[in-house]
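Peer 1: The structure is given below, and queries will be raised subsequently.
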Amino acid sequence: MTAKIKPGQGAAYARILGVGGYRPTRVVPNEEILQHIDSSDEWIRSRSGIATRHWANEDETVAEMSVAAAGKAIANAGIDAAEVGGVIIATVSHFKQTPAIATEIAHRIGAGKPAAFDISAGCAGFTYGLTLAKGMITEGSARYVVVIGVERLSDLTDLEDRATAFLFGDGAGAVVVGPSDEPAIGPTVWGSEGDKADIITQTVSWEAYRERGAATDVRFPAITQEGQAVFRWAVYEMAKVAQQALDAAGVTADQLDAFIPHQANMRIIDSMIKALGLPEHVAVARDIATAGNTSSASIPLAMEQLLASGQAKSGDTALVIGFGAGLVYAASVVTLP
Amino acid sequence: MAANTKEEILTGLAEIVNEIAGIPTEDVELDKSFTDDLDVDSLSMVEVVVAAEERFSVKIPDDDVKNLKTVGDAVSYILEHQED
């Protein structure tokens, strides 16, 4: 006999209730990067829009930065940490694979015994996590979920690679997602293009590095990318994905208040705005100028900055899009916390 | 659509380079290097390529973009690869 399975009782809708970030204390200007590569401040700024970035010191671990960011997001959401039923950590730069760092972070923020796990989706990690959180809340397996994008990309940076040495930064950005009476996170348009797995990748695997690390032909497993190929994909293919996310949510570009793309490169952001035809009234996150590319942390960090600066306000409608190594991408329209 | 002549491609490419990089169209000559003479950097070059693909019905893969050093290289490439 087939037993009848009772479905979960979730919230009607989900929304982002609070956001918080942690930026490492050490600010690294372009001049410091130039000690290792033959380039110039002007070249770095014109190619990337980056003037400074934050690099973590040894005490600013993935866990420490995450706990700090999550604490701010929970306070901003005005909930009790004990009510958190899910903790999702998106990262590619936590070097201890097991156990998932999410469990330690969940414990340290005072979340009781929530579901806790790490995900790896490159620079789309945050938007992937946001999508999972929305599902958990509307399906009924958690009332509040903390999603954290956290990176120490300085640990994966080849200081002598002229094309990427200046690009990456460290930090953590967190949001609390919870129940809502109104739709406040639109449908996610997401996917992957594994045929382009090689255009953003680690130089070698850790396994190869371990076996042949002493050999001169094996470079440290730093992140490397094919700049032109990434630029073309990010601008033109991601503009299409962003438009699909707008269409799926039934929101026009005119109705947007803010655009918070992954902070990959200022030139990508500028060209995406053109390709999307965003009106001038839309506030655009340009946190990359002082944060660098922080991969999965960049969207929540930029969201916090846009709200703190007054360029956007709570209740505004924002388009978020994450895209990166995989290649992977995820975009949706959200109501800002 | 009839294929574009070499002259039409050069004129069209000059308009694209003008729009993207602000270079006067008359400066966009066959022997000019995109990076050295016209100050079109690698990322602007991608924008030029995408605009050219659309205008001339041609596909220019990333692997081929790096071989397009001069305006003449691009004109020849488009001339050979455009769809009739």
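Order determines the names: the first chain of the structure tokens is A, the second B, and so forth; residues in each chain are numbered 1 upward, and ligands are numbered 1 upward as they are shown.
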Write out as JSON, numbers by chain all residues of segment 2-145 of chain A that backbone DSSP assigns to strand (DSSP E).

Peer 2: {"A": [13, 14, 15, 16, 17, 18, 19, 20, 21, 22, 26, 27, 28, 29, 52, 53, 54, 55, 84, 85, 86, 87, 88, 89, 90, 115, 116, 117, 118, 119, 144, 145]}

Peer 1: Suppose we keep C-alpha atoms; can you now write the selection as a PDB file, in the first residue's frame?

Peer 2:
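Generated output (selection18.pdb):
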ATOM      1  CA  TYR A  13       6.646  33.959  -0.460  1.00  0.00           C
ATOM      2  CA  ALA A  14      10.185  34.796   0.650  1.00  0.00           C
ATOM      3  CA  ARG A  15      12.136  38.029   0.911  1.00  0.00           C
ATOM      4  CA  ILE A  16      15.525  39.358   1.941  1.00  0.00           C
ATOM      5  CA  LEU A  17      14.987  40.734   5.457  1.00  0.00           C
ATOM      6  CA  GLY A  18      18.466  41.987   6.280  1.00  0.00           C
ATOM      7  CA  VAL A  19      21.961  42.389   4.845  1.00  0.00           C
ATOM      8  CA  GLY A  20      25.403  42.758   6.414  1.00  0.00           C
ATOM      9  CA  GLY A  21      28.999  42.709   5.268  1.00  0.00           C
ATOM     10  CA  TYR A  22      32.520  42.344   6.582  1.00  0.00           C
ATOM     11  CA  ARG A  26      43.817  45.938   5.415  1.00  0.00           C
ATOM     12  CA  VAL A  27      43.256  48.157   2.384  1.00  0.00           C
ATOM     13  CA  VAL A  28      45.584  47.333  -0.505  1.00  0.00           C
ATOM     14  CA  PRO A  29      46.138  50.123  -3.048  1.00  0.00           C
ATOM     15  CA  THR A  52      41.832  49.562  -3.807  1.00  0.00           C
ATOM     16  CA  ARG A  53      40.787  46.198  -2.421  1.00  0.00           C
ATOM     17  CA  HIS A  54      40.669  44.619   1.036  1.00  0.00           C
ATOM     18  CA  TRP A  55      42.914  41.652   1.797  1.00  0.00           C
ATOM     19  CA  VAL A  84      17.553  30.545  11.839  1.00  0.00           C
ATOM     20  CA  GLY A  85      16.747  27.172  10.293  1.00  0.00           C
ATOM     21  CA  GLY A  86      19.280  27.162   7.483  1.00  0.00           C
ATOM     22  CA  VAL A  87      22.827  28.412   6.887  1.00  0.00           C
ATOM     23  CA  ILE A  88      24.232  28.338   3.361  1.00  0.00           C
ATOM     24  CA  ILE A  89      27.851  29.298   2.726  1.00  0.00           C
ATOM     25  CA  ALA A  90      28.906  30.076  -0.834  1.00  0.00           C
ATOM     26  CA  ALA A 115      20.509  22.758   8.170  1.00  0.00           C
ATOM     27  CA  ALA A 116      24.000  23.951   7.255  1.00  0.00           C
ATOM     28  CA  PHE A 117      26.055  23.344   4.131  1.00  0.00           C
ATOM     29  CA  ASP A 118      28.566  24.882   1.729  1.00  0.00           C
ATOM     30  CA  ILE A 119      28.025  25.383  -1.993  1.00  0.00           C
ATOM     31  CA  TYR A 144      14.758  31.928   8.221  1.00  0.00           C
ATOM     32  CA  VAL A 145      17.845  31.132   6.183  1.00  0.00           C
TER      33      VAL A 145
END

Peer 1: Tell me, as a ChimeraX atom specification, which residues lie within 8 Å of segment 260-274 of chain A, counting only C-alpha atoms; anything in the same chain fewer than 4 positions away does not count.

Peer 2: /A:47-50,123-124,231,234-236,238-239,278,284-289,292-296,298-299,302-303,318-323 /B:43

Peer 1: With only C-alpha atoms as the counted atoms, please give the residues lying no more than 10 Å from Val65 of chain B, apart from itself and same-chain residues fewer than 5 positions off, as a ChimeraX atom specification.

Peer 2: /A:228-229 /B:42,45-46,49,60,73-74,77

Peer 1: Between B:Lys66, B:Lys59, B:Lys6, B:His81, which residue has the minimum interatomic distance to chain A, considering only C-alpha atoms?

Peer 2: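 Answer, going by the shortest atom-to-atom distance: B:Lys66.
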
Peer 1: Find the residues near Val48 of chain B: any atom within 12 Å, counting only C-alpha atoms, skip ones fewer than 2 places away on the same chain, and give them as a PyMOL selection string.

Peer 2: (chain A and resi 228+232) or (chain B and resi 12-22+34+40-46+50-56+60+65+68+71+74)

Peer 1: Report, in Å to a single decimal, how far apart atom CA of Gly171 of chain A and atom CA of Ala184 of chain A are.

Peer 2: 26.1 Å

Peer 1: Using only C-alpha atoms, find the one residue out of A:Val147, A:Ala275, A:Ala81, A:Ala174 that sits nearest to chain B.

Peer 2: A:Ala275

Peer 1: Report the distance between atom CA of Ala73 of chain A and atom CA of Leu132 of chain A in Å, rounded to one decimal place.

Peer 2: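 One can read the atom CA of Ala73 of chain A to atom CA of Leu132 of chain A distance as 17.8 Å.
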
Peer 1: Find the spatial neighbours of Ala3 of chain B, counting only C-alpha atoms, within a cut-off of 12 Å - ignore same-chain residues fewer than 5 positions away - and output them as a VMD selection string.

Peer 2: chain B and resid 8 to 9 55 to 58 78 to 84

Peer 1: One decimal, in Å: what's the spacing between atom CA of Tyr128 of chain A and atom CA of Ala297 of chain A?

Peer 2: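 Distance between the two atoms: 12.2 Å.
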
Peer 1: Running DSSP on the backbone, which parts of segment 244-306 of chain A land in helix (DSSP H, G or I), as a PyMOL selection string?

Peer 2: chain A and resi 244-249+253-255+266-276+288-291+295-306

Peer 1: Under the rule that only C-alpha atoms are counted, which of A:Ala77, A:Ala308, A:Pro221, A:Val230 is the nearest residue to chain B?

Peer 2: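 Checking each of A:Ala77, A:Ala308, A:Pro221, A:Val230 against chain B, counting only C-alpha atoms, the winner is A:Val230.
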